[in-house]
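Pasting final21.txt here (compact mmCIF, C-alpha atoms):
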# COMPACT_ATOMS: atom_id res chain seq x y z
CA MET A 1 8.06 8.98 12.15
CA GLU A 2 6.56 7.29 15.19
CA LYS A 3 3.31 5.32 15.34
CA PRO A 4 0.87 8.18 16.06
CA GLU A 5 2.13 10.13 13.05
CA ILE A 6 2.22 7.03 10.83
CA PHE A 7 -1.38 6.22 11.75
CA LYS A 8 -2.41 9.83 11.13
CA GLN A 9 -0.78 9.77 7.69
CA LEU A 10 -2.30 6.38 6.83
CA ASN A 11 -5.73 7.74 7.71
CA ILE A 12 -5.20 10.92 5.68
CA SER A 13 -3.95 8.98 2.67
CA PHE A 14 -6.83 6.49 2.66
CA GLU A 15 -9.45 9.15 3.44
CA LYS A 16 -8.31 11.32 0.51
CA LEU A 17 -8.52 8.30 -1.79
CA ILE A 18 -11.95 7.28 -0.53
CA TYR A 19 -13.20 10.86 -0.83
CA TRP A 20 -12.03 10.94 -4.45
CA LEU A 21 -13.68 7.58 -5.14
CA ASP A 22 -16.95 8.62 -3.49
CA ASN A 23 -17.06 11.64 -5.79
CA HIS A 24 -16.09 9.73 -8.92
CA PRO A 25 -19.03 8.47 -11.01
CA GLN A 26 -19.68 4.77 -10.50
CA HIS A 27 -19.86 4.00 -14.23
CA LYS A 28 -16.30 5.33 -14.64
CA PHE A 29 -14.96 2.90 -12.04
CA SER A 30 -14.61 0.18 -14.68
CA GLU A 31 -14.20 2.41 -17.74
CA VAL A 32 -11.00 2.02 -19.77
CA ILE A 33 -9.63 5.56 -19.97
CA ILE A 34 -6.22 4.73 -21.43
CA GLU A 35 -5.92 1.61 -23.57
CA GLY A 36 -3.61 -0.92 -21.96
CA LYS A 37 -3.74 0.80 -18.55
CA TRP A 38 -5.72 -0.13 -15.46
CA THR A 39 -9.20 1.17 -14.82
CA ALA A 40 -9.90 3.13 -11.64
CA GLY A 41 -11.35 -0.05 -10.15
CA GLN A 42 -8.20 -1.99 -10.94
CA HIS A 43 -6.07 0.64 -9.19
CA ILE A 44 -8.19 0.16 -6.07
CA GLN A 45 -8.11 -3.63 -6.38
CA HIS A 46 -4.31 -3.42 -6.70
CA LEU A 47 -4.12 -1.37 -3.49
CA LEU A 48 -6.26 -3.99 -1.76
CA GLN A 49 -4.05 -6.79 -3.08
CA SER A 50 -0.92 -5.03 -1.82
CA THR A 51 -2.30 -3.99 1.59
CA LYS A 52 -3.78 -7.33 2.68
CA PRO A 53 -0.48 -9.26 2.64
CA VAL A 54 1.20 -6.63 4.83
CA ASN A 55 -1.56 -7.10 7.40
CA THR A 56 -1.21 -10.86 7.20
CA ILE A 57 2.56 -10.66 7.70
CA MET A 58 2.28 -8.21 10.60
CA LYS A 59 0.01 -10.71 12.42
CA MET A 60 2.64 -13.46 12.19
CA PRO A 61 4.84 -14.26 15.17
CA LYS A 62 7.96 -12.10 15.24
CA LEU A 63 10.10 -15.21 15.66
CA PHE A 64 8.80 -16.44 12.30
CA LEU A 65 9.53 -13.07 10.66
CA ARG A 66 13.08 -13.12 12.00
CA TYR A 67 13.57 -16.70 10.79
CA LYS A 68 12.05 -16.03 7.36
CA TRP A 69 13.53 -12.62 6.48
CA GLY A 70 15.95 -11.66 9.22
CA THR A 71 16.15 -8.33 10.97
CA CYS A 72 17.05 -4.87 9.75
CA ASN A 73 20.84 -4.68 9.33
CA ARG A 74 21.08 -1.11 8.03
CA PRO A 75 19.98 2.35 9.13
CA GLU A 76 16.23 2.67 8.79
CA ARG A 77 15.07 5.02 6.03
CA THR A 78 13.01 8.10 6.71
CA PHE A 79 9.72 8.56 4.90
CA ASP A 80 11.35 10.98 2.44
CA ALA A 81 14.26 8.61 1.78
CA LEU A 82 11.79 5.80 1.06
CA VAL A 83 9.87 8.08 -1.33
CA ASN A 84 13.11 8.86 -3.18
CA LYS A 85 14.10 5.20 -3.39
CA TYR A 86 10.65 4.19 -4.68
CA GLU A 87 10.51 6.94 -7.29
CA THR A 88 14.01 6.04 -8.51
CA LYS A 89 13.20 2.33 -8.73
CA LEU A 90 9.83 3.00 -10.36
CA PHE A 91 11.43 5.27 -12.97
CA LYS A 92 14.06 2.64 -13.85
CA ASN A 93 11.66 -0.32 -13.79
CA THR A 94 10.14 -1.33 -17.11
CA GLN A 95 8.74 -4.66 -15.96
CA PRO A 96 5.20 -5.11 -14.66
CA GLY A 97 4.91 -6.05 -11.01
CA PRO A 98 4.42 -9.63 -9.83
CA LYS A 99 1.26 -11.33 -11.10
CA ARG A 100 -0.15 -11.58 -7.58
CA PHE A 101 -0.40 -7.78 -7.54
CA GLN A 102 -1.91 -7.48 -11.04
CA PRO A 103 -5.62 -6.76 -10.56
CA PRO A 104 -8.35 -8.64 -12.37
CA ILE A 105 -11.10 -6.86 -14.30
CA VAL A 106 -13.33 -4.97 -11.86
CA SER A 107 -16.94 -4.04 -12.59
CA ALA A 108 -18.63 -0.80 -11.63
CA ALA A 109 -21.02 -2.82 -9.47
CA GLN A 110 -18.05 -3.86 -7.28
CA LYS A 111 -17.08 -0.28 -6.43
CA SER A 112 -18.69 -0.04 -2.98
CA ALA A 113 -17.56 -3.49 -1.89
CA ILE A 114 -13.94 -2.92 -2.94
CA ILE A 115 -13.83 0.47 -1.23
CA GLU A 116 -15.25 -1.08 1.96
CA LYS A 117 -12.66 -3.88 1.85
CA LEU A 118 -9.81 -1.42 1.32
CA ASP A 119 -11.02 0.76 4.17
CA SER A 120 -11.32 -2.31 6.38
CA GLU A 121 -7.71 -3.25 5.58
CA ARG A 122 -6.61 0.26 6.53
CA HIS A 123 -8.27 -0.08 9.93
CA LYS A 124 -6.79 -3.57 10.37
CA MET A 125 -3.33 -2.24 9.52
CA ILE A 126 -3.55 0.44 12.18
CA ARG A 127 -5.01 -1.95 14.75
CA ILE A 128 -2.32 -4.58 14.12
CA ALA A 129 0.56 -2.07 13.98
CA SER A 130 -0.63 -0.42 17.19
CA LYS A 131 0.27 -3.66 19.00
CA TRP A 132 3.87 -3.43 17.78
CA SER A 133 6.47 -1.54 19.79
CA GLU A 134 8.42 1.27 18.15
CA LYS A 135 11.55 -0.87 18.48
CA ALA A 136 9.94 -3.89 16.79
CA LEU A 137 8.67 -1.77 13.87
CA SER A 138 12.29 -0.88 13.17
CA LYS A 139 13.79 -4.30 13.89
CA TYR A 140 11.78 -6.73 11.74
CA VAL A 141 11.81 -6.74 7.95
CA ILE A 142 9.40 -7.92 5.30
CA PRO A 143 10.03 -8.22 1.56
CA HIS A 144 8.85 -5.74 -1.04
CA PRO A 145 8.94 -6.88 -4.69
CA LEU A 146 10.63 -3.70 -5.96
CA LEU A 147 12.37 -2.24 -2.92
CA GLY A 148 13.74 -5.39 -1.28
CA LYS A 149 13.55 -5.92 2.47
CA LEU A 150 11.86 -3.08 4.35
CA SER A 151 11.46 -2.65 8.06
CA VAL A 152 7.84 -2.94 9.11
CA ARG A 153 7.90 0.83 9.75
CA GLU A 154 9.19 1.40 6.20
CA MET A 155 6.42 -0.85 4.86
CA LEU A 156 3.88 1.32 6.67
CA TYR A 157 5.56 4.36 5.07
CA PHE A 158 5.32 2.58 1.74
CA THR A 159 1.60 1.96 2.23
CA ILE A 160 1.07 5.71 2.70
CA LEU A 161 3.23 6.49 -0.33
CA HIS A 162 1.64 3.79 -2.50
CA THR A 163 -1.91 4.86 -1.67
CA ASP A 164 -1.06 8.49 -2.48
CA HIS A 165 0.74 7.43 -5.67
CA HIS A 166 -2.36 5.67 -7.02
CA ARG A 167 -4.71 8.42 -5.84
CA LEU A 168 -2.66 11.02 -7.72
CA ILE A 169 -2.69 8.89 -10.88
CA LEU A 170 -6.46 8.56 -10.59
CA LYS A 171 -6.92 12.27 -9.92
CA LYS A 172 -4.74 13.26 -12.87
CA LYS A 173 -5.88 10.76 -15.51
CA TYR A 174 -9.34 9.56 -14.55

Using structure tokens, write down the structure from this file.
Amino acid sequence: MEKPEIFKQLNISFEKLIYWLDNHPQHKFSEVIIEGKWTAGQHIQHLLQSTKPVNTIMKMPKLFLRYKWGTCNRPERTFDALVNKYETKLFKNTQPGPKRFQPPIVSAAQKSAIIEKLDSERHKMIRIASKWSEKALSKYVIPHPLLGKLSVREMLYFTILHTDHHRLILKKKY
């Protein structure tokens, strides 16, 4: 998938989520639906916590990225291949994710602000990625806590997948 299609899919994914959130009652944003599971607000906070670092990394000099994590030394995965890898890893994984991606308690009063921040990060992601060449998106890698090193393009795929994953959980259970 090239940049125009990635950006289109990022927009669709985030817009579907925001549409769902806009039509979800505010008081349910912080309501515990399933004991021991995240609230709707925590799902959104988690997405914010996982999107911001990608934007931060994509703004770093490419020389630093190459020094820190290297370059892609394997065939780049397609979107569908990344989906399959994520679903397989997620199914096998019984451990919670890293603490830095575990969301704090979120109040219903924070709903609008968190949605605005997440939407802002989406726009930043597209703006930053638009400055990358197609070749660079495939060359440089960044770490993912479950999937290992992903090309920047694969990380953009993951952001689409991850946003849809949480939206579908919210739609089904909340």

Contacts of Thr56 in chain A within 10 Å, all atoms listed in the file, excl. fewer than 4 positions in-chain, as a PyMOL selection string: chain A and resi 51-52+60+124-125+128

Write out as a Markdown table a residue-level contact list of range 57-124 of chain A versus range 10-17 of chain A with cut-off 10 Å: for each qualifying residue the closest pair of atoms and the distance in Å to one decimal, counting all atoms listed in the file, rows sorted by chain and residue number upward.
| residue | atom | partner | partner_atom | distance |
| --- | --- | --- | --- | --- |
| A:Ile115 | CA | A:Leu17 | CA | 9.5 |
| A:Leu118 | CA | A:Phe14 | CA | 8.6 |
| A:Asp119 | CA | A:Phe14 | CA | 7.3 |
| A:Arg122 | CA | A:Phe14 | CA | 7.3 |
| A:His123 | CA | A:Asn11 | CA | 8.5 |

Spatial neighbours of His24 in chain A, 12 Å, all atoms listed in the file, chain gap at least 4 places, as a VMD selection string: chain A and resid 17 to 20 28 to 31 40 to 41 108 111 to 112 167 170 to 171 174

Atoms to include: C-alpha atoms. Write the selected residues as a JSON list (two decimals), in the coordinates of the input.
[["chain", "number", "residue", "atom", "x", "y", "z"],
["A", 17, "LEU", "CA", -8.52, 8.30, -1.79],
["A", 18, "ILE", "CA", -11.95, 7.28, -0.53],
["A", 19, "TYR", "CA", -13.20, 10.86, -0.83],
["A", 20, "TRP", "CA", -12.03, 10.94, -4.45],
["A", 28, "LYS", "CA", -16.30, 5.33, -14.64],
["A", 29, "PHE", "CA", -14.96, 2.90, -12.04],
["A", 30, "SER", "CA", -14.61, 0.18, -14.68],
["A", 31, "GLU", "CA", -14.20, 2.41, -17.74],
["A", 40, "ALA", "CA", -9.90, 3.13, -11.64],
["A", 41, "GLY", "CA", -11.35, -0.05, -10.15],
["A", 108, "ALA", "CA", -18.63, -0.80, -11.63],
["A", 111, "LYS", "CA", -17.08, -0.28, -6.43],
["A", 112, "SER", "CA", -18.69, -0.04, -2.98],
["A", 167, "ARG", "CA", -4.71, 8.42, -5.84],
["A", 170, "LEU", "CA", -6.46, 8.56, -10.59],
["A", 171, "LYS", "CA", -6.92, 12.27, -9.92],
["A", 174, "TYR", "CA", -9.34, 9.56, -14.55]]

Nearest candidate to Lys135 in chain A (options A:Thr71, A:Asn84, A:Gln110, A:Thr159; using all atoms listed in the file): A:Thr71

Distance criterion (only C-alpha atoms): nearest to Glu134 in chain A out of A:Val152, A:Val106, A:Leu48, A:Leu146: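 Looking only at the distances to Glu134 in chain A, the closest residue turns out to be A:Val152.
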
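Residue nearest Cys72 in chain A, chosen from A:His166, A:Lys3, A:Lys139, A:Lys173 and counting all atoms listed in the file: A:Lys139.
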
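The two atoms in question, CA of Val83 in chain A and CA of Tyr157 in chain A, are spaced 8.6 Å apart.
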
Given all atoms listed in the file as the counted atoms, nearest of A:Ile57, A:Leu21, A:Leu156, A:Leu82 to Ile126 in chain A: A:Leu156

Shortest interatomic distance to Val54 in chain A - which of A:Arg153, A:Arg77, A:His165, A:Lys89, counting all atoms listed in the file: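 Of A:Arg153, A:Arg77, A:His165, A:Lys89, the one nearest Val54 in chain A is A:Arg153, counting all atoms listed in the file.
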
Gap from CA of Trp69 in chain A to CA of Pro53 in chain A - Å, one decimal: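 Between CA of Trp69 in chain A and CA of Pro53 in chain A the gap is 14.9 Å.
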
For CA of Lys59 in chain A and CA of Tyr86 in chain A, the interatomic separation in Å (one decimal): 25.1 Å

Write range 1-25 of chain A as a CSV table (one decimal), in the coordinates of the input, completed to N, CA and C atoms.
chain,number,residue,atom,x,y,z
A,1,MET,N,9.4,8.7,11.8
A,1,MET,CA,8.1,9.0,12.2
A,1,MET,C,7.6,7.9,13.1
A,2,GLU,N,7.0,8.3,14.2
A,2,GLU,CA,6.6,7.3,15.2
A,2,GLU,C,5.1,6.9,14.9
A,3,LYS,N,4.6,5.9,15.6
A,3,LYS,CA,3.3,5.3,15.3
A,3,LYS,C,2.2,6.3,15.2
A,4,PRO,N,2.0,7.3,16.2
A,4,PRO,CA,0.9,8.2,16.1
A,4,PRO,C,0.9,9.0,14.7
A,5,GLU,N,2.0,9.4,14.3
A,5,GLU,CA,2.1,10.1,13.0
A,5,GLU,C,1.9,9.2,11.8
A,6,ILE,N,2.4,8.0,11.9
A,6,ILE,CA,2.2,7.0,10.8
A,6,ILE,C,0.7,6.8,10.7
A,7,PHE,N,0.1,6.5,11.8
A,7,PHE,CA,-1.4,6.2,11.8
A,7,PHE,C,-2.2,7.4,11.2
A,8,LYS,N,-1.8,8.6,11.6
A,8,LYS,CA,-2.4,9.8,11.1
A,8,LYS,C,-2.3,9.9,9.6
A,9,GLN,N,-1.0,9.7,9.1
A,9,GLN,CA,-0.8,9.8,7.7
A,9,GLN,C,-1.5,8.6,6.9
A,10,LEU,N,-1.5,7.5,7.5
A,10,LEU,CA,-2.3,6.4,6.8
A,10,LEU,C,-3.8,6.8,6.7
A,11,ASN,N,-4.3,7.3,7.8
A,11,ASN,CA,-5.7,7.7,7.7
A,11,ASN,C,-5.9,8.8,6.7
A,12,ILE,N,-5.1,9.8,6.7
A,12,ILE,CA,-5.2,10.9,5.7
A,12,ILE,C,-5.1,10.4,4.3
A,13,SER,N,-4.1,9.5,4.0
A,13,SER,CA,-4.0,9.0,2.7
A,13,SER,C,-5.2,8.2,2.2
A,14,PHE,N,-5.7,7.3,3.0
A,14,PHE,CA,-6.8,6.5,2.7
A,14,PHE,C,-8.1,7.4,2.6
A,15,GLU,N,-8.3,8.3,3.5
A,15,GLU,CA,-9.4,9.2,3.4
A,15,GLU,C,-9.5,10.0,2.2
A,16,LYS,N,-8.4,10.5,1.8
A,16,LYS,CA,-8.3,11.3,0.5
A,16,LYS,C,-8.7,10.5,-0.7
A,17,LEU,N,-8.2,9.2,-0.7
A,17,LEU,CA,-8.5,8.3,-1.8
A,17,LEU,C,-10.0,8.0,-1.8
A,18,ILE,N,-10.5,7.6,-0.6
A,18,ILE,CA,-12.0,7.3,-0.5
A,18,ILE,C,-12.8,8.5,-0.9
A,19,TYR,N,-12.4,9.6,-0.5
A,19,TYR,CA,-13.2,10.9,-0.8
A,19,TYR,C,-13.2,11.0,-2.3
A,20,TRP,N,-12.1,10.8,-3.0
A,20,TRP,CA,-12.0,10.9,-4.4
A,20,TRP,C,-13.0,9.9,-5.1
A,21,LEU,N,-12.9,8.7,-4.6
A,21,LEU,CA,-13.7,7.6,-5.1
A,21,LEU,C,-15.2,7.8,-4.9
A,22,ASP,N,-15.5,8.3,-3.8
A,22,ASP,CA,-17.0,8.6,-3.5
A,22,ASP,C,-17.5,9.7,-4.4
A,23,ASN,N,-16.6,10.6,-4.9
A,23,ASN,CA,-17.1,11.6,-5.8
A,23,ASN,C,-16.8,11.4,-7.3
A,24,HIS,N,-16.4,10.2,-7.5
A,24,HIS,CA,-16.1,9.7,-8.9
A,24,HIS,C,-17.3,8.9,-9.4
A,25,PRO,N,-17.8,9.2,-10.6
A,25,PRO,CA,-19.0,8.5,-11.0
A,25,PRO,C,-18.8,6.9,-11.1
